[in-house]
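The next block holds one structure in the form of structure tokens; read it before the comments.
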Amino acid sequence: MSTTPMHHQLMHATLAVLLALASSVTQASPIVTTRDGTVQGNTENGVNQFLGLPFAAPPVGELRWRPPQPPIAWQGVRGATTLGHACPQLPGAYSQRTTDEDCLTLNVYAPEAPQSTPRPVLIWVHPGSLTMGSGGDYDGKALARQANVVVVTINYRLGALGFLSTPEMRQEGSTPNQGLQDQQQALRWVKDNIAAFGGDARNVTLAGNSSGSASICGHLASPASGGLFHRAILQSGPCVLLRTRTVDQAYHQGKAFAEKLNCPSGATQMSCLRSRSTQELITAAGDGLDILQTANPWSAVIDGATIPRNLTDMIRDGAFHKVPVLLGTTADEGRFFVSYTFHQKLGRAMTPIDHKSASDVLTGSAFAGSTARLLYPASGYPNIDLAMSALMTDSGFACPALSDARRLSRHTPVYTYEFADTQAPAPTDPFFKLGAYHTAELQYLFGQPVFATQINGAPSAEQKRLADQMVAYWSAFAKHGDPNQSGLPKWVKFNELTSPIMNLAPGKVGMQPWGEFSKTHRCVTWLLLFSLSGQN
């Protein structure tokens, strides 16, 4: 059949539309081939996202309490548009996603725009006292787009499933710290695969908040983490927060946990524990975030392998991976925990009895607790809740972070900050204002509320500007190991003599006056107490 010029024009037009549609579909459904198989994600707001990618085999059945194993390869194209399960944890205000033991997945967020050189990679280790939370709580699109980096958020086993240790476990060839080993497995996955997503495996920043940050302290010292990351960002998680236990302490706690589940010591203990349901395990493990009433037993173990020896000693001695470090805290860290334990869970303010018991639990003994109460008497604050909050902020976060900065800076470049926006958008608390609470800064970096639910109030123009400045600093650090860049206030590298601290507050970004941070948080006193207790 002959064709006319009109037919040719129509065919060309139709072909152009089809090609445009195909291009649109391709852009909306990016496909990447990893070492384990091909994955298809989607594109939103200029960012390619690939969700729920397995970086290890499901740790179920006989693999429960075993070191992470390589992921199971697949044929064909695997959909990657849905977040994977969170790892098992108790339900609560900060644990609202569906959970399953098949949870060792990660999420990749990569800017869609092509670039001639690979982008820096930022791996996010989520907080949650090593007992709750997930990588899926953190949507990395806004940070990836604004910072022009590839963001990876990861899961890892939590609580008893990630940090149980018993002699029987050792006898079958498993070592403690499976939760930290999961994180290392995710780092290896990134090293092997991130180039396919446009990331630079030679420029990886490991970043985290709270227990996620403290986990990174463990990676700084862990031989198995060497070469897997090149910068570290420690947010509100000083190294002491990892609460490393001796093997004997871990065995004692593990025995008590197993007996609670009617799995006594002996040759059948591990098979007994593996026969218990996930629900039974997480119920027996308890609430790890309620640290003002009960010390959380789920923490890292000095096992001679993942954590070779006392973490503080290793950092003091320079026995760690000497990568540039950016670290800091928020001005009112402790208010989050007082609010969680008493205001949210119990629906009331603290009492003098609460004040005594919480200070004893927090400091580790009745003697240390009584000393702390003398330093932070209820009469010195508008209410007893604020007295407890200040005690926890200074002793648990601000001054230990300053100690970390001093130890680390003897061996590697360090930059320190304090997030001090006391008007940060926050959940409503009827008993006090949350101020610059623990995790408050995360919404400034990720572009939306994260980890804390029911945030009230939209950010002001000054707060949005602060968020832009923070992302710019974090981006520069991820790219070069130095947060400074043109157009931002100068961030002075930390040194022990003057202890410079960057102040991050709306309209007040700049270096704090000499000694202000230490004076505000009573760090001279706390550092002396830390020294007497062997922490310094």
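By order in the structure tokens, chains are A, B, ...; within a chain, residues start at 1; ligands start at 1, following the order shown.
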Which segment 178-276 of chain A residues have any atom within 12 Å of an atom of segment 292-296 of chain A, and for each, what is the nearest pair of atoms with distance in Å to one decimal, counting only C-alpha atoms, rows sorted by chain and number, as a tab-separated table?
residue	atom	partner	partner_atom	distance
A:Ser211	CA	A:Asn296	CA	11.8
A:Leu241	CA	A:Asn296	CA	10.8
A:Leu242	CA	A:Asn296	CA	10.7
A:Arg243	CA	A:Asn296	CA	9.1
A:Thr244	CA	A:Asn296	CA	11.5
A:Arg245	CA	A:Asn296	CA	11.4
A:Ala250	CA	A:Asn296	CA	11.9
A:Gln253	CA	A:Asn296	CA	10.5
How would the residues just picked look written out with all heavy atoms as a PDB file, in the first residue's frame?
ATOM      1  N   SER A 211      21.721   6.354  69.197  1.00  0.00           N
ATOM      2  CA  SER A 211      22.377   5.045  69.172  1.00  0.00           C
ATOM      3  C   SER A 211      22.970   4.754  67.795  1.00  0.00           C
ATOM      4  O   SER A 211      23.925   3.968  67.680  1.00  0.00           O
ATOM      5  CB  SER A 211      21.393   3.945  69.563  1.00  0.00           C
ATOM      6  OG  SER A 211      20.285   3.925  68.687  1.00  0.00           O
ATOM      7  N   LEU A 241      27.595   6.308  74.770  1.00  0.00           N
ATOM      8  CA  LEU A 241      26.199   5.888  74.618  1.00  0.00           C
ATOM      9  C   LEU A 241      26.091   4.471  74.057  1.00  0.00           C
ATOM     10  O   LEU A 241      25.042   3.835  74.181  1.00  0.00           O
ATOM     11  CB  LEU A 241      25.456   6.872  73.709  1.00  0.00           C
ATOM     12  CG  LEU A 241      23.933   6.956  73.856  1.00  0.00           C
ATOM     13  CD1 LEU A 241      23.553   7.468  75.223  1.00  0.00           C
ATOM     14  CD2 LEU A 241      23.344   7.865  72.773  1.00  0.00           C
ATOM     15  N   LEU A 242      27.155   3.952  73.461  1.00  0.00           N
ATOM     16  CA  LEU A 242      27.127   2.573  72.966  1.00  0.00           C
ATOM     17  C   LEU A 242      27.104   1.584  74.135  1.00  0.00           C
ATOM     18  O   LEU A 242      26.727   0.430  73.961  1.00  0.00           O
ATOM     19  CB  LEU A 242      28.328   2.297  72.060  1.00  0.00           C
ATOM     20  CG  LEU A 242      28.265   1.031  71.208  1.00  0.00           C
ATOM     21  CD1 LEU A 242      27.041   1.019  70.311  1.00  0.00           C
ATOM     22  CD2 LEU A 242      29.535   0.861  70.379  1.00  0.00           C
ATOM     23  N   ARG A 243      27.506   2.060  75.333  1.00  0.00           N
ATOM     24  CA  ARG A 243      27.403   1.278  76.571  1.00  0.00           C
ATOM     25  C   ARG A 243      28.009  -0.122  76.405  1.00  0.00           C
ATOM     26  O   ARG A 243      27.369  -1.132  76.711  1.00  0.00           O
ATOM     27  CB  ARG A 243      25.939   1.148  77.029  1.00  0.00           C
ATOM     28  CG  ARG A 243      25.212   2.460  77.199  1.00  0.00           C
ATOM     29  CD  ARG A 243      23.780   2.257  77.676  1.00  0.00           C
ATOM     30  NE  ARG A 243      23.054   1.265  76.919  1.00  0.00           N
ATOM     31  CZ  ARG A 243      22.495   1.455  75.740  1.00  0.00           C
ATOM     32  NH1 ARG A 243      22.571   2.644  75.166  1.00  0.00           N
ATOM     33  NH2 ARG A 243      21.853   0.481  75.110  1.00  0.00           N
ATOM     34  N   THR A 244      29.232  -0.187  75.925  1.00  0.00           N
ATOM     35  CA  THR A 244      29.859  -1.476  75.689  1.00  0.00           C
ATOM     36  C   THR A 244      29.936  -2.294  76.982  1.00  0.00           C
ATOM     37  O   THR A 244      30.344  -1.796  78.021  1.00  0.00           O
ATOM     38  CB  THR A 244      31.263  -1.304  75.101  1.00  0.00           C
ATOM     39  OG1 THR A 244      31.974  -0.309  75.849  1.00  0.00           O
ATOM     40  CG2 THR A 244      31.203  -0.880  73.654  1.00  0.00           C
ATOM     41  N   ARG A 245      29.533  -3.558  76.889  1.00  0.00           N
ATOM     42  CA  ARG A 245      29.537  -4.478  78.016  1.00  0.00           C
ATOM     43  C   ARG A 245      30.696  -5.453  77.876  1.00  0.00           C
ATOM     44  O   ARG A 245      31.120  -5.785  76.767  1.00  0.00           O
ATOM     45  CB  ARG A 245      28.226  -5.282  78.054  1.00  0.00           C
ATOM     46  CG  ARG A 245      26.973  -4.445  78.172  1.00  0.00           C
ATOM     47  CD  ARG A 245      25.743  -5.315  77.960  1.00  0.00           C
ATOM     48  NE  ARG A 245      25.585  -5.732  76.565  1.00  0.00           N
ATOM     49  CZ  ARG A 245      24.802  -6.720  76.149  1.00  0.00           C
ATOM     50  NH1 ARG A 245      24.103  -7.418  77.024  1.00  0.00           N
ATOM     51  NH2 ARG A 245      24.713  -7.028  74.862  1.00  0.00           N
ATOM     52  N   ALA A 250      27.546  -9.423  79.484  1.00  0.00           N
ATOM     53  CA  ALA A 250      26.610  -9.818  78.431  1.00  0.00           C
ATOM     54  C   ALA A 250      26.079 -11.230  78.683  1.00  0.00           C
ATOM     55  O   ALA A 250      24.887 -11.496  78.483  1.00  0.00           O
ATOM     56  CB  ALA A 250      27.304  -9.745  77.070  1.00  0.00           C
ATOM     57  N   GLN A 253      23.434 -11.081  81.457  1.00  0.00           N
ATOM     58  CA  GLN A 253      22.164 -10.553  80.957  1.00  0.00           C
ATOM     59  C   GLN A 253      21.498 -11.527  80.000  1.00  0.00           C
ATOM     60  O   GLN A 253      20.272 -11.693  79.999  1.00  0.00           O
ATOM     61  CB  GLN A 253      22.411  -9.198  80.284  1.00  0.00           C
ATOM     62  CG  GLN A 253      22.834  -8.119  81.274  1.00  0.00           C
ATOM     63  CD  GLN A 253      23.488  -6.923  80.615  1.00  0.00           C
ATOM     64  OE1 GLN A 253      23.884  -6.975  79.445  1.00  0.00           O
ATOM     65  NE2 GLN A 253      23.615  -5.834  81.361  1.00  0.00           N
TER      66      GLN A 253
END
Who sits within 9 Å of Met388 of chain A, only C-alpha atoms, same chain under 4 positions skipped, as a ChimeraX atom specification: /A:334-335,338,350,355,358-359,373,376-378,384,392-393
Between atom CA of Leu529 of chain A and atom CA of Ala405 of chain A, distance in Å (one decimal):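 Atom CA of Leu529 of chain A sits 17.2 Å away from atom CA of Ala405 of chain A.
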Neighbour list for Phe530 of chain A as a PyMOL selection string, cut-off 10 Å, only C-alpha atoms, skip fewer than 6 positions in-chain: chain A and resi 395+399-400+403+523-524+536
Selection: 10 Å around Leu375 of chain A, only C-alpha atoms, excl. self and same-chain fewer than 4 positions, as a list in words: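 Non-adjacent residues within range: Gly369, Ser370, Thr371, Gly380, Ala387, Leu391, Arg522 and Thr525 of chain A.
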Based on the selection just made, write N, CA, C and O atoms of those residues as a short mmCIF file (atom, residue, chain, number, x, y, z; two decimals), in the first residue's frame.
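File produced: part_24.cif:
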data_model
loop_
_atom_site.label_atom_id
_atom_site.label_comp_id
_atom_site.auth_asym_id
_atom_site.auth_seq_id
_atom_site.Cartn_x
_atom_site.Cartn_y
_atom_site.Cartn_z
N GLY A 369 24.13 9.28 91.89
CA GLY A 369 22.85 9.95 91.77
C GLY A 369 22.68 11.06 92.78
O GLY A 369 22.18 12.15 92.46
N SER A 370 23.10 10.83 94.02
CA SER A 370 22.98 11.88 95.05
C SER A 370 23.88 13.06 94.72
O SER A 370 23.51 14.22 94.93
N THR A 371 25.07 12.79 94.19
CA THR A 371 25.97 13.87 93.77
C THR A 371 25.33 14.69 92.65
O THR A 371 25.37 15.93 92.67
N GLY A 380 16.47 24.61 91.88
CA GLY A 380 17.19 25.51 90.99
C GLY A 380 16.56 25.67 89.62
O GLY A 380 17.11 26.38 88.76
N ALA A 387 14.89 20.10 85.85
CA ALA A 387 16.12 19.76 86.56
C ALA A 387 16.67 18.43 86.07
O ALA A 387 17.87 18.28 85.80
N LEU A 391 20.21 17.65 83.91
CA LEU A 391 21.17 16.66 84.37
C LEU A 391 21.49 15.67 83.25
O LEU A 391 22.66 15.35 82.99
N ARG A 522 28.29 22.64 82.46
CA ARG A 522 29.06 22.24 83.65
C ARG A 522 30.07 21.14 83.33
O ARG A 522 30.26 20.20 84.11
N THR A 525 33.11 20.17 85.74
CA THR A 525 32.74 19.24 86.81
C THR A 525 32.54 17.82 86.27
O THR A 525 33.06 16.85 86.83
#
Shell around segment 412-423 of chain A at 7 Å using only C-alpha atoms, local window under 3 positions removed, as a PyMOL selection string: chain A and resi 322-331+405+408-409+435-436+441+493-494+501-506
Pick from A:Gly179, A:Pro114, A:Gly447, A:Pro459 nearest to Leu161 of chain A, counting only C-alpha atoms: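 Of A:Gly179, A:Pro114, A:Gly447, A:Pro459, the one nearest Leu161 of chain A, counting only C-alpha atoms, is A:Gly179.
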I'd like to know which residues of segment 202-381 of chain A are strand (DSSP E or B) (by DSSP, run on the backbone); could you write them as a PDB file with all heavy atoms, in the first residue's frame?
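Here's the written file result_3.pdb:
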ATOM      1  N   ARG A 202      34.394   5.307  47.004  1.00  0.00           N
ATOM      2  CA  ARG A 202      35.626   5.778  47.642  1.00  0.00           C
ATOM      3  C   ARG A 202      35.396   7.032  48.471  1.00  0.00           C
ATOM      4  O   ARG A 202      36.346   7.592  49.023  1.00  0.00           O
ATOM      5  CB  ARG A 202      36.683   6.052  46.567  1.00  0.00           C
ATOM      6  CG  ARG A 202      37.074   4.827  45.744  1.00  0.00           C
ATOM      7  CD  ARG A 202      37.835   5.222  44.512  1.00  0.00           C
ATOM      8  NE  ARG A 202      37.030   6.106  43.667  1.00  0.00           N
ATOM      9  CZ  ARG A 202      37.461   6.682  42.547  1.00  0.00           C
ATOM     10  NH1 ARG A 202      38.694   6.463  42.142  1.00  0.00           N
ATOM     11  NH2 ARG A 202      36.669   7.469  41.853  1.00  0.00           N
ATOM     12  N   ASN A 203      34.134   7.488  48.534  1.00  0.00           N
ATOM     13  CA  ASN A 203      33.819   8.689  49.303  1.00  0.00           C
ATOM     14  C   ASN A 203      32.496   8.473  50.031  1.00  0.00           C
ATOM     15  O   ASN A 203      31.447   8.945  49.608  1.00  0.00           O
ATOM     16  CB  ASN A 203      33.738   9.908  48.384  1.00  0.00           C
ATOM     17  CG  ASN A 203      33.606  11.206  49.159  1.00  0.00           C
ATOM     18  OD1 ASN A 203      33.620  11.210  50.381  1.00  0.00           O
ATOM     19  ND2 ASN A 203      33.472  12.308  48.438  1.00  0.00           N
ATOM     20  N   VAL A 204      32.574   7.726  51.123  1.00  0.00           N
ATOM     21  CA  VAL A 204      31.391   7.338  51.879  1.00  0.00           C
ATOM     22  C   VAL A 204      31.428   7.976  53.258  1.00  0.00           C
ATOM     23  O   VAL A 204      32.417   7.840  53.988  1.00  0.00           O
ATOM     24  CB  VAL A 204      31.302   5.800  52.020  1.00  0.00           C
ATOM     25  CG1 VAL A 204      30.152   5.407  52.937  1.00  0.00           C
ATOM     26  CG2 VAL A 204      31.148   5.152  50.642  1.00  0.00           C
ATOM     27  N   THR A 205      30.360   8.672  53.599  1.00  0.00           N
ATOM     28  CA  THR A 205      30.208   9.240  54.936  1.00  0.00           C
ATOM     29  C   THR A 205      29.203   8.406  55.710  1.00  0.00           C
ATOM     30  O   THR A 205      28.095   8.164  55.240  1.00  0.00           O
ATOM     31  CB  THR A 205      29.721  10.702  54.869  1.00  0.00           C
ATOM     32  OG1 THR A 205      30.719  11.497  54.224  1.00  0.00           O
ATOM     33  CG2 THR A 205      29.467  11.260  56.266  1.00  0.00           C
ATOM     34  N   LEU A 206      29.600   7.977  56.895  1.00  0.00           N
ATOM     35  CA  LEU A 206      28.719   7.215  57.779  1.00  0.00           C
ATOM     36  C   LEU A 206      28.161   8.184  58.803  1.00  0.00           C
ATOM     37  O   LEU A 206      28.911   8.799  59.564  1.00  0.00           O
ATOM     38  CB  LEU A 206      29.518   6.097  58.449  1.00  0.00           C
ATOM     39  CG  LEU A 206      28.749   5.001  59.175  1.00  0.00           C
ATOM     40  CD1 LEU A 206      27.694   4.362  58.280  1.00  0.00           C
ATOM     41  CD2 LEU A 206      29.716   3.941  59.695  1.00  0.00           C
ATOM     42  N   ALA A 207      26.833   8.356  58.796  1.00  0.00           N
ATOM     43  CA  ALA A 207      26.191   9.347  59.660  1.00  0.00           C
ATOM     44  C   ALA A 207      25.082   8.692  60.465  1.00  0.00           C
ATOM     45  O   ALA A 207      24.429   7.749  60.002  1.00  0.00           O
ATOM     46  CB  ALA A 207      25.618  10.493  58.821  1.00  0.00           C
ATOM     47  N   GLY A 208      24.848   9.200  61.666  1.00  0.00           N
ATOM     48  CA  GLY A 208      23.786   8.643  62.487  1.00  0.00           C
ATOM     49  C   GLY A 208      23.457   9.547  63.650  1.00  0.00           C
ATOM     50  O   GLY A 208      24.186  10.494  63.958  1.00  0.00           O
ATOM     51  N   ASN A 209      22.341   9.229  64.307  1.00  0.00           N
ATOM     52  CA  ASN A 209      21.875  10.002  65.450  1.00  0.00           C
ATOM     53  C   ASN A 209      21.683   9.071  66.640  1.00  0.00           C
ATOM     54  O   ASN A 209      21.255   7.922  66.480  1.00  0.00           O
ATOM     55  CB  ASN A 209      20.557  10.699  65.104  1.00  0.00           C
ATOM     56  CG  ASN A 209      19.922  11.395  66.289  1.00  0.00           C
ATOM     57  OD1 ASN A 209      19.145  10.788  67.023  1.00  0.00           O
ATOM     58  ND2 ASN A 209      20.230  12.651  66.471  1.00  0.00           N
ATOM     59  N   ARG A 231      34.399   9.206  56.204  1.00  0.00           N
ATOM     60  CA  ARG A 231      34.079  10.317  57.095  1.00  0.00           C
ATOM     61  C   ARG A 231      33.011   9.817  58.061  1.00  0.00           C
ATOM     62  O   ARG A 231      32.301   8.850  57.771  1.00  0.00           O
ATOM     63  CB  ARG A 231      33.562  11.529  56.351  1.00  0.00           C
ATOM     64  CG  ARG A 231      34.117  11.659  54.920  1.00  0.00           C
ATOM     65  CD  ARG A 231      34.190  13.079  54.443  1.00  0.00           C
ATOM     66  NE  ARG A 231      34.598  13.171  53.055  1.00  0.00           N
ATOM     67  CZ  ARG A 231      35.826  12.974  52.590  1.00  0.00           C
ATOM     68  NH1 ARG A 231      36.780  12.588  53.412  1.00  0.00           N
ATOM     69  NH2 ARG A 231      36.126  13.116  51.322  1.00  0.00           N
ATOM     70  N   ALA A 232      32.877  10.509  59.191  1.00  0.00           N
ATOM     71  CA  ALA A 232      31.874  10.104  60.178  1.00  0.00           C
ATOM     72  C   ALA A 232      31.164  11.328  60.735  1.00  0.00           C
ATOM     73  O   ALA A 232      31.807  12.332  61.049  1.00  0.00           O
ATOM     74  CB  ALA A 232      32.536   9.321  61.313  1.00  0.00           C
ATOM     75  N   ILE A 233      29.835  11.246  60.832  1.00  0.00           N
ATOM     76  CA  ILE A 233      29.028  12.308  61.434  1.00  0.00           C
ATOM     77  C   ILE A 233      28.293  11.708  62.628  1.00  0.00           C
ATOM     78  O   ILE A 233      27.484  10.790  62.483  1.00  0.00           O
ATOM     79  CB  ILE A 233      28.021  12.900  60.433  1.00  0.00           C
ATOM     80  CG1 ILE A 233      28.759  13.526  59.237  1.00  0.00           C
ATOM     81  CG2 ILE A 233      27.143  13.949  61.112  1.00  0.00           C
ATOM     82  CD1 ILE A 233      27.835  14.096  58.167  1.00  0.00           C
ATOM     83  N   LEU A 234      28.599  12.221  63.822  1.00  0.00           N
ATOM     84  CA  LEU A 234      28.047  11.714  65.077  1.00  0.00           C
ATOM     85  C   LEU A 234      27.088  12.757  65.658  1.00  0.00           C
ATOM     86  O   LEU A 234      27.523  13.777  66.188  1.00  0.00           O
ATOM     87  CB  LEU A 234      29.160  11.416  66.079  1.00  0.00           C
ATOM     88  CG  LEU A 234      30.362  10.612  65.566  1.00  0.00           C
ATOM     89  CD1 LEU A 234      31.394  10.416  66.670  1.00  0.00           C
ATOM     90  CD2 LEU A 234      29.918   9.266  65.028  1.00  0.00           C
ATOM     91  N   GLN A 235      25.800  12.500  65.563  1.00  0.00           N
ATOM     92  CA  GLN A 235      24.785  13.455  66.018  1.00  0.00           C
ATOM     93  C   GLN A 235      24.127  12.937  67.296  1.00  0.00           C
ATOM     94  O   GLN A 235      23.447  11.922  67.295  1.00  0.00           O
ATOM     95  CB  GLN A 235      23.723  13.660  64.925  1.00  0.00           C
ATOM     96  CG  GLN A 235      24.291  14.239  63.644  1.00  0.00           C
ATOM     97  CD  GLN A 235      23.246  14.400  62.543  1.00  0.00           C
ATOM     98  OE1 GLN A 235      23.558  14.221  61.359  1.00  0.00           O
ATOM     99  NE2 GLN A 235      22.010  14.729  62.903  1.00  0.00           N
ATOM    100  N   ARG A 245      29.533  -3.558  76.889  1.00  0.00           N
ATOM    101  CA  ARG A 245      29.537  -4.478  78.016  1.00  0.00           C
ATOM    102  C   ARG A 245      30.696  -5.453  77.876  1.00  0.00           C
ATOM    103  O   ARG A 245      31.120  -5.785  76.767  1.00  0.00           O
ATOM    104  CB  ARG A 245      28.226  -5.282  78.054  1.00  0.00           C
ATOM    105  CG  ARG A 245      26.973  -4.445  78.172  1.00  0.00           C
ATOM    106  CD  ARG A 245      25.743  -5.315  77.960  1.00  0.00           C
ATOM    107  NE  ARG A 245      25.585  -5.732  76.565  1.00  0.00           N
ATOM    108  CZ  ARG A 245      24.802  -6.720  76.149  1.00  0.00           C
ATOM    109  NH1 ARG A 245      24.103  -7.418  77.024  1.00  0.00           N
ATOM    110  NH2 ARG A 245      24.713  -7.028  74.862  1.00  0.00           N
ATOM    111  N   VAL A 301      28.975  -5.498  72.789  1.00  0.00           N
ATOM    112  CA  VAL A 301      29.794  -6.330  73.669  1.00  0.00           C
ATOM    113  C   VAL A 301      31.261  -6.222  73.241  1.00  0.00           C
ATOM    114  O   VAL A 301      31.571  -6.263  72.044  1.00  0.00           O
ATOM    115  CB  VAL A 301      29.350  -7.809  73.600  1.00  0.00           C
ATOM    116  CG1 VAL A 301      30.195  -8.664  74.549  1.00  0.00           C
ATOM    117  CG2 VAL A 301      27.872  -7.931  73.940  1.00  0.00           C
ATOM    118  N   VAL A 325      35.851  13.734  61.390  1.00  0.00           N
ATOM    119  CA  VAL A 325      34.642  13.548  62.193  1.00  0.00           C
ATOM    120  C   VAL A 325      33.943  14.884  62.399  1.00  0.00           C
ATOM    121  O   VAL A 325      34.581  15.896  62.705  1.00  0.00           O
ATOM    122  CB  VAL A 325      34.975  12.927  63.569  1.00  0.00           C
ATOM    123  CG1 VAL A 325      33.729  12.851  64.449  1.00  0.00           C
ATOM    124  CG2 VAL A 325      35.607  11.548  63.408  1.00  0.00           C
ATOM    125  N   LEU A 326      32.635  14.880  62.204  1.00  0.00           N
ATOM    126  CA  LEU A 326      31.784  16.015  62.568  1.00  0.00           C
ATOM    127  C   LEU A 326      30.851  15.509  63.664  1.00  0.00           C
ATOM    128  O   LEU A 326      30.177  14.488  63.471  1.00  0.00           O
ATOM    129  CB  LEU A 326      30.997  16.511  61.353  1.00  0.00           C
ATOM    130  CG  LEU A 326      30.163  17.786  61.502  1.00  0.00           C
ATOM    131  CD1 LEU A 326      30.041  18.500  60.146  1.00  0.00           C
ATOM    132  CD2 LEU A 326      28.765  17.489  62.032  1.00  0.00           C
ATOM    133  N   LEU A 327      30.849  16.177  64.817  1.00  0.00           N
ATOM    134  CA  LEU A 327      30.017  15.668  65.910  1.00  0.00           C
ATOM    135  C   LEU A 327      29.381  16.821  66.672  1.00  0.00           C
ATOM    136  O   LEU A 327      29.891  17.935  66.697  1.00  0.00           O
ATOM    137  CB  LEU A 327      30.818  14.763  66.846  1.00  0.00           C
ATOM    138  CG  LEU A 327      31.903  15.355  67.753  1.00  0.00           C
ATOM    139  CD1 LEU A 327      31.321  15.867  69.075  1.00  0.00           C
ATOM    140  CD2 LEU A 327      32.966  14.311  68.054  1.00  0.00           C
ATOM    141  N   GLY A 328      28.230  16.520  67.304  1.00  0.00           N
ATOM    142  CA  GLY A 328      27.562  17.548  68.094  1.00  0.00           C
ATOM    143  C   GLY A 328      26.366  17.021  68.842  1.00  0.00           C
ATOM    144  O   GLY A 328      26.035  15.824  68.786  1.00  0.00           O
ATOM    145  N   THR A 329      25.709  17.935  69.538  1.00  0.00           N
ATOM    146  CA  THR A 329      24.547  17.606  70.354  1.00  0.00           C
ATOM    147  C   THR A 329      23.512  18.705  70.203  1.00  0.00           C
ATOM    148  O   THR A 329      23.751  19.722  69.546  1.00  0.00           O
ATOM    149  CB  THR A 329      24.934  17.484  71.844  1.00  0.00           C
ATOM    150  OG1 THR A 329      25.540  18.721  72.266  1.00  0.00           O
ATOM    151  CG2 THR A 329      25.919  16.351  72.067  1.00  0.00           C
ATOM    152  N   THR A 330      22.341  18.500  70.821  1.00  0.00           N
ATOM    153  CA  THR A 330      21.335  19.562  70.891  1.00  0.00           C
ATOM    154  C   THR A 330      21.355  20.154  72.292  1.00  0.00           C
ATOM    155  O   THR A 330      21.776  19.503  73.256  1.00  0.00           O
ATOM    156  CB  THR A 330      19.930  19.025  70.567  1.00  0.00           C
ATOM    157  OG1 THR A 330      19.479  18.179  71.623  1.00  0.00           O
ATOM    158  CG2 THR A 330      19.927  18.250  69.255  1.00  0.00           C
ATOM    159  N   ASP A 332      19.068  20.817  74.447  1.00  0.00           N
ATOM    160  CA  ASP A 332      18.136  20.305  75.463  1.00  0.00           C
ATOM    161  C   ASP A 332      17.869  18.815  75.265  1.00  0.00           C
ATOM    162  O   ASP A 332      16.724  18.368  75.311  1.00  0.00           O
ATOM    163  CB  ASP A 332      16.812  21.084  75.398  1.00  0.00           C
ATOM    164  CG  ASP A 332      16.998  22.578  75.582  1.00  0.00           C
ATOM    165  OD1 ASP A 332      17.596  22.986  76.591  1.00  0.00           O
ATOM    166  OD2 ASP A 332      16.542  23.349  74.706  1.00  0.00           O
TER     167      ASP A 332
END
